[in-house]
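Trainee: One structure coming up, written as structure tokens, with questions to follow.
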Amino acid sequence: MPTIERPLTVITKYLNKPIKVVLKNDLVYGGTMVECDGYMNLVIEKAAEYQGDGKKVKYSKVLIRGNNIIYIQLTPVLED
Amino acid sequence: MPTIERPLTVITKYLNKPIKVVLKNDLVYGGTMVECDGYMNLVIEKAAEYQGDGKKVKYSKVLIRGNNIIYIQLTPVLED
Amino acid sequence: MPTIERPLTVITKYLNKPIKVVLKNDLVYGGTMVECDGYMNLVIEKAAEYQGDGKKVKYSKVLIRGNNIIYIQLTPVLED
Amino acid sequence: MPTIERPLTVITKYLNKPIKVVLKNDLVYGGTMVECDGYMNLVIEKAAEYQGDGKKVKYSKVLIRGNNIIYIQLTPVLED
Amino acid sequence: MPTIERPLTVITKYLNKPIKVVLKNDLVYGGTMVECDGYMNLVIEKAAEYQGDGKKVKYSKVLIRGNNIIYIQLTPVLED
Amino acid sequence: MPTIERPLTVITKYLNKPIKVVLKNDLVYGGTMVECDGYMNLVIEKAAEYQGDGKKVKYSKVLIRGNNIIYIQLTPVLED
Amino acid sequence: MPTIERPLTVITKYLNKPIKVVLKNDLVYGGTMVECDGYMNLVIEKAAEYQGDGKKVKYSKVLIRGNNIIYIQLTPVLED
């Protein structure tokens, strides 16, 4: 039987790498994930907030509360 | 009396196999489940996001937060 | 004073028997419950998903996340 | 100072007696409560599901998930 | 620094006294609080359910699940 | 590194002082906070319930369940 | 493997600095964060509440309940 590696441990491999976070209220944030914890609370640097078709606002540092997250895109979108 | 085998243990049998995940906001993700934990947080590789009648976006790696999950389809859809 | 027998223990009597599960989003699943845990997470085999007046999709194996469940019908519907 | 008797202990006095349960989604179930636990999960036998002005469906046995419950009517409705 | 007395302890002073409970779904219950616990689960006797402008239904005994409560009015409404 | 003083400890400094509480359902309560606990459950005396542009109802004592609170205004509104 | 530094520890670096908090109900608060705890409960001094296009109300001291927070902007907005 394979062992279970916790995704929340996995996420540490992506520290200091670009990620994209999709929240329950349809907000999307992209940037460099510089910190994270076991509740999926994330600190993102050089964060861009997306809404609809374009960038909206840039933040130098944002702390996102984990319980609002639907999913985290860990690597770039693939071509169709 | 039969013993209770925890589904969250069961899920490990499906590591590295194709699954489909249905979320509360009607999003559906298909792909290979490469990691999971006791909160049903899942990492899916070669993930396809479905909405309505067709594929929308492909991701090479996505971390889905477990508390958004309604159900996980562990095996292919059967014929009617 | 009578003792409290936990329903989640009760549910094990229904392992490998047909059940019907009603979820918060009005989805209904019928099938054979082959596994369950203390969070009411259930694995159902030969699952049929009902919506409105007829069957919609069949799955050979589905893992339902317990916190979406409103109630579980443990035995067949009675005649009026 | 009076002592606190836990309602969840109180509820055991009503085992094998008729109760009525009102859920968050406006569903109402009446029947004989044959089991309960500390999360207010209840097993009801000879359950009748009410919607609007009349009975809808009868179940021989239903397990209701406690976190959907608003209140439990422990005794018959009084005259106005 | 003043000490913190827990309101859930306070509430025991109101056992066997009339209270009014306002729930998230706009239901209001008045009656004599005969039991309570640390989750704000309450048993109310001679309960009256209010909706809009008048009394609707009376129950001889109701168990209200604490997590539906917005506030509990511990004493009579004051004159304006 | 500065130390973290818990706001829930801070709140005790405001016992027996006037506060204003804003709840998720747009209700606003003002009054003297006479008790509080670690879940932000509050007992307010001489409470006034505000809705829209004016006072609505006064209560001599109200217990507000903490999980409905958005924020607590600890001091008077400043001039613009 | 990099170590995980908890964002909730990170936040202490921003004590006595200006932050901006975005809540689930679209309320936005700016001010000086003078206290915080492990649930993201925050005390903000000289708080300004924003709605739509302009400032609405100023508070000298506000305690914000953490579970309403979507994200905290830790540093000023960057130029596009």
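For the structure tokens, the naming scheme is as follows: chains receive sequential letters (A, B, ...) according to their order of presentation, residues are indexed from 1 within each chain, and ligands are indexed from 1 in presentation order.
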Mind the document's chain letters and residue numbers, and return as a ChimeraX atom specification the residues of chain B that DSSP labels helix (DSSP H, G or I).

Mentor: /B:7-14,66-68

Trainee: For segment 14-16 of chain B, list every protein, DNA or RNA residue within 8 Å, evaluated using only C-alpha atoms, and leave out those in the same chain fewer than 4 positions away; present the list as JSON, numbers by chain.

Mentor: {"A": [2], "B": [10, 32, 33, 34, 35, 36, 74]}

Trainee: Can you superpose chain A onto chain F by least squares over all C-alpha atoms paired in order and give the moved copy as a short mmCIF file (atom, residue, chain, number, x, y, z; two decimals) with N, CA and C atoms, in the first residue's frame?

Mentor:
```
data_model
loop_
_atom_site.label_atom_id
_atom_site.label_comp_id
_atom_site.auth_asym_id
_atom_site.auth_seq_id
_atom_site.Cartn_x
_atom_site.Cartn_y
_atom_site.Cartn_z
N MET A 1 11.49 40.85 18.13
CA MET A 1 10.15 40.58 17.62
C MET A 1 9.11 40.90 18.69
N PRO A 2 8.07 41.64 18.31
CA PRO A 2 7.04 41.96 19.30
C PRO A 2 6.26 40.72 19.71
N THR A 3 5.73 40.75 20.91
CA THR A 3 4.91 39.62 21.37
C THR A 3 3.46 39.81 20.91
N ILE A 4 2.75 38.69 20.82
CA ILE A 4 1.35 38.74 20.44
C ILE A 4 0.49 38.79 21.69
N GLU A 5 -0.24 39.90 21.86
CA GLU A 5 -1.24 39.96 22.92
C GLU A 5 -2.56 39.59 22.29
N ARG A 6 -3.24 38.62 22.83
CA ARG A 6 -4.47 38.16 22.21
C ARG A 6 -5.58 39.21 22.34
N PRO A 7 -6.24 39.56 21.20
CA PRO A 7 -7.37 40.49 21.28
C PRO A 7 -8.45 40.04 22.27
N LEU A 8 -8.64 38.74 22.39
CA LEU A 8 -9.68 38.28 23.30
C LEU A 8 -9.29 38.55 24.74
N THR A 9 -8.00 38.78 24.99
CA THR A 9 -7.61 39.27 26.31
C THR A 9 -7.84 40.77 26.35
N VAL A 10 -7.49 41.41 25.26
CA VAL A 10 -7.68 42.86 25.16
C VAL A 10 -9.11 43.25 25.50
N ILE A 11 -10.03 42.44 25.04
CA ILE A 11 -11.44 42.82 25.17
C ILE A 11 -11.84 43.00 26.64
N THR A 12 -11.13 42.32 27.52
CA THR A 12 -11.50 42.46 28.94
C THR A 12 -11.27 43.88 29.45
N LYS A 13 -10.39 44.63 28.79
CA LYS A 13 -10.19 46.04 29.19
C LYS A 13 -11.45 46.86 28.96
N TYR A 14 -12.33 46.32 28.13
CA TYR A 14 -13.52 47.08 27.76
C TYR A 14 -14.76 46.60 28.50
N LEU A 15 -14.55 45.69 29.46
CA LEU A 15 -15.68 45.27 30.29
C LEU A 15 -16.21 46.49 31.04
N ASN A 16 -17.54 46.54 31.12
CA ASN A 16 -18.22 47.65 31.80
C ASN A 16 -18.05 48.98 31.08
N LYS A 17 -17.67 48.90 29.81
CA LYS A 17 -17.57 50.11 28.98
C LYS A 17 -18.53 49.96 27.80
N PRO A 18 -18.92 51.09 27.19
CA PRO A 18 -19.81 51.00 26.03
C PRO A 18 -19.10 50.46 24.81
N ILE A 19 -19.72 49.51 24.11
CA ILE A 19 -19.20 49.00 22.84
C ILE A 19 -20.34 48.94 21.83
N LYS A 20 -19.96 48.66 20.59
CA LYS A 20 -20.95 48.46 19.55
C LYS A 20 -20.54 47.20 18.79
N VAL A 21 -21.49 46.31 18.53
CA VAL A 21 -21.18 45.03 17.89
C VAL A 21 -21.93 44.95 16.57
N VAL A 22 -21.22 44.59 15.50
CA VAL A 22 -21.86 44.44 14.19
C VAL A 22 -21.88 42.95 13.84
N LEU A 23 -23.10 42.44 13.56
CA LEU A 23 -23.28 41.02 13.27
C LEU A 23 -23.41 40.77 11.77
N LYS A 24 -23.26 39.48 11.40
CA LYS A 24 -23.29 39.08 9.99
C LYS A 24 -24.61 39.42 9.30
N ASN A 25 -25.70 39.41 10.03
CA ASN A 25 -27.01 39.68 9.42
C ASN A 25 -27.37 41.16 9.46
N ASP A 26 -26.35 42.03 9.55
CA ASP A 26 -26.53 43.48 9.51
C ASP A 26 -27.14 44.07 10.76
N LEU A 27 -27.37 43.24 11.79
CA LEU A 27 -27.84 43.79 13.05
C LEU A 27 -26.67 44.46 13.77
N VAL A 28 -26.98 45.56 14.45
CA VAL A 28 -25.97 46.28 15.24
C VAL A 28 -26.51 46.44 16.65
N TYR A 29 -25.68 46.09 17.64
CA TYR A 29 -26.07 46.25 19.03
C TYR A 29 -25.10 47.16 19.76
N GLY A 30 -25.62 48.13 20.49
CA GLY A 30 -24.79 48.97 21.35
C GLY A 30 -25.21 48.77 22.78
N GLY A 31 -24.27 48.97 23.70
CA GLY A 31 -24.59 48.85 25.11
C GLY A 31 -23.32 48.68 25.93
N THR A 32 -23.52 48.34 27.18
CA THR A 32 -22.38 48.14 28.07
C THR A 32 -22.04 46.65 28.11
N MET A 33 -20.79 46.32 27.72
CA MET A 33 -20.39 44.91 27.72
C MET A 33 -20.07 44.49 29.15
N VAL A 34 -20.88 43.62 29.71
CA VAL A 34 -20.66 43.22 31.11
C VAL A 34 -20.00 41.85 31.25
N GLU A 35 -19.99 41.07 30.15
CA GLU A 35 -19.30 39.78 30.20
C GLU A 35 -18.84 39.37 28.80
N CYS A 36 -17.82 38.52 28.74
CA CYS A 36 -17.34 38.01 27.45
C CYS A 36 -16.59 36.72 27.71
N ASP A 37 -16.39 35.92 26.64
CA ASP A 37 -15.60 34.70 26.78
C ASP A 37 -14.72 34.49 25.55
N GLY A 38 -13.98 33.39 25.52
CA GLY A 38 -13.00 33.15 24.47
C GLY A 38 -13.58 32.88 23.10
N TYR A 39 -14.90 32.70 23.00
CA TYR A 39 -15.56 32.53 21.71
C TYR A 39 -16.19 33.84 21.24
N MET A 40 -15.89 34.95 21.96
CA MET A 40 -16.47 36.26 21.67
C MET A 40 -17.96 36.31 21.99
N ASN A 41 -18.46 35.30 22.73
CA ASN A 41 -19.82 35.44 23.26
C ASN A 41 -19.81 36.63 24.21
N LEU A 42 -20.81 37.50 24.08
CA LEU A 42 -20.82 38.74 24.86
C LEU A 42 -22.17 38.89 25.57
N VAL A 43 -22.16 39.41 26.79
CA VAL A 43 -23.40 39.85 27.43
C VAL A 43 -23.38 41.37 27.47
N ILE A 44 -24.42 41.97 26.90
CA ILE A 44 -24.52 43.42 26.82
C ILE A 44 -25.73 43.88 27.62
N GLU A 45 -25.52 44.88 28.47
CA GLU A 45 -26.62 45.45 29.26
C GLU A 45 -27.08 46.75 28.67
N LYS A 46 -28.33 47.07 28.88
CA LYS A 46 -28.92 48.31 28.33
C LYS A 46 -28.63 48.35 26.83
N ALA A 47 -28.89 47.22 26.18
CA ALA A 47 -28.57 47.05 24.76
C ALA A 47 -29.61 47.73 23.89
N ALA A 48 -29.13 48.40 22.85
CA ALA A 48 -30.03 48.96 21.84
C ALA A 48 -29.73 48.27 20.53
N GLU A 49 -30.79 47.79 19.88
CA GLU A 49 -30.64 47.15 18.57
C GLU A 49 -30.92 48.18 17.49
N TYR A 50 -29.99 48.38 16.58
CA TYR A 50 -30.13 49.36 15.51
C TYR A 50 -30.43 48.64 14.21
N GLN A 51 -31.26 49.21 13.41
CA GLN A 51 -31.47 48.72 12.04
C GLN A 51 -31.72 49.93 11.17
N GLY A 52 -30.94 50.07 10.09
CA GLY A 52 -31.10 51.22 9.20
C GLY A 52 -30.75 52.51 9.93
N ASP A 53 -31.70 53.46 10.04
CA ASP A 53 -31.38 54.81 10.51
C ASP A 53 -31.73 55.09 11.96
N GLY A 54 -32.31 54.17 12.69
CA GLY A 54 -32.67 54.55 14.05
C GLY A 54 -32.68 53.36 15.00
N LYS A 55 -32.85 53.63 16.30
CA LYS A 55 -32.95 52.55 17.27
C LYS A 55 -34.25 51.81 17.05
N LYS A 56 -34.22 50.53 17.38
CA LYS A 56 -35.41 49.73 17.17
C LYS A 56 -35.98 49.19 18.49
N VAL A 57 -35.14 48.51 19.21
CA VAL A 57 -35.61 47.87 20.43
C VAL A 57 -34.50 48.00 21.48
N LYS A 58 -34.92 48.13 22.74
CA LYS A 58 -33.94 48.12 23.83
C LYS A 58 -34.15 46.88 24.67
N TYR A 59 -33.05 46.28 25.08
CA TYR A 59 -33.10 45.12 25.97
C TYR A 59 -32.31 45.45 27.22
N SER A 60 -32.76 44.98 28.38
CA SER A 60 -31.95 45.23 29.57
C SER A 60 -30.73 44.30 29.59
N LYS A 61 -30.82 43.12 29.00
CA LYS A 61 -29.67 42.19 28.99
C LYS A 61 -29.77 41.23 27.81
N VAL A 62 -28.72 41.16 27.01
CA VAL A 62 -28.70 40.30 25.84
C VAL A 62 -27.40 39.51 25.78
N LEU A 63 -27.49 38.22 25.46
CA LEU A 63 -26.31 37.38 25.26
C LEU A 63 -26.14 37.17 23.75
N ILE A 64 -25.07 37.69 23.18
CA ILE A 64 -24.82 37.57 21.74
C ILE A 64 -23.83 36.44 21.49
N ARG A 65 -24.19 35.53 20.58
CA ARG A 65 -23.33 34.40 20.24
C ARG A 65 -22.18 34.89 19.36
N GLY A 66 -20.94 34.60 19.78
CA GLY A 66 -19.76 35.17 19.15
C GLY A 66 -19.61 34.89 17.68
N ASN A 67 -20.02 33.72 17.22
CA ASN A 67 -19.73 33.39 15.81
C ASN A 67 -20.57 34.18 14.81
N ASN A 68 -21.47 35.04 15.31
CA ASN A 68 -22.21 35.93 14.42
C ASN A 68 -21.55 37.29 14.26
N ILE A 69 -20.49 37.54 15.02
CA ILE A 69 -19.87 38.87 15.06
C ILE A 69 -18.91 39.08 13.90
N ILE A 70 -19.01 40.24 13.24
CA ILE A 70 -18.01 40.66 12.26
C ILE A 70 -16.95 41.51 12.94
N TYR A 71 -17.38 42.55 13.63
CA TYR A 71 -16.39 43.34 14.37
C TYR A 71 -17.05 44.02 15.57
N ILE A 72 -16.19 44.41 16.50
CA ILE A 72 -16.62 45.12 17.70
C ILE A 72 -15.93 46.48 17.70
N GLN A 73 -16.74 47.51 17.75
CA GLN A 73 -16.22 48.87 17.84
C GLN A 73 -15.97 49.17 19.31
N LEU A 74 -14.69 49.33 19.65
CA LEU A 74 -14.35 49.41 21.07
C LEU A 74 -14.41 50.83 21.63
N THR A 75 -14.37 51.81 20.71
CA THR A 75 -14.37 53.22 21.16
C THR A 75 -15.25 54.02 20.22
N PRO A 76 -15.61 55.24 20.61
CA PRO A 76 -16.55 56.02 19.81
C PRO A 76 -16.04 56.28 18.39
N VAL A 77 -16.98 56.50 17.49
CA VAL A 77 -16.65 56.87 16.11
C VAL A 77 -15.93 58.21 16.12
N LEU A 78 -14.87 58.31 15.31
CA LEU A 78 -14.13 59.57 15.19
C LEU A 78 -14.81 60.48 14.18
N GLU A 79 -14.54 61.75 14.32
CA GLU A 79 -15.03 62.70 13.32
C GLU A 79 -14.28 62.49 12.02
N ASP A 80 -14.94 62.73 10.90
CA ASP A 80 -14.29 62.58 9.58
C ASP A 80 -13.24 63.67 9.37
#
```

Trainee: Among chain B, which residues carry a DSSP assignment of strand (DSSP E or B), reported as a PyMOL selection string?

Mentor: chain B and resi 18-23+28-36+42-51+54-64+69-73+77-78
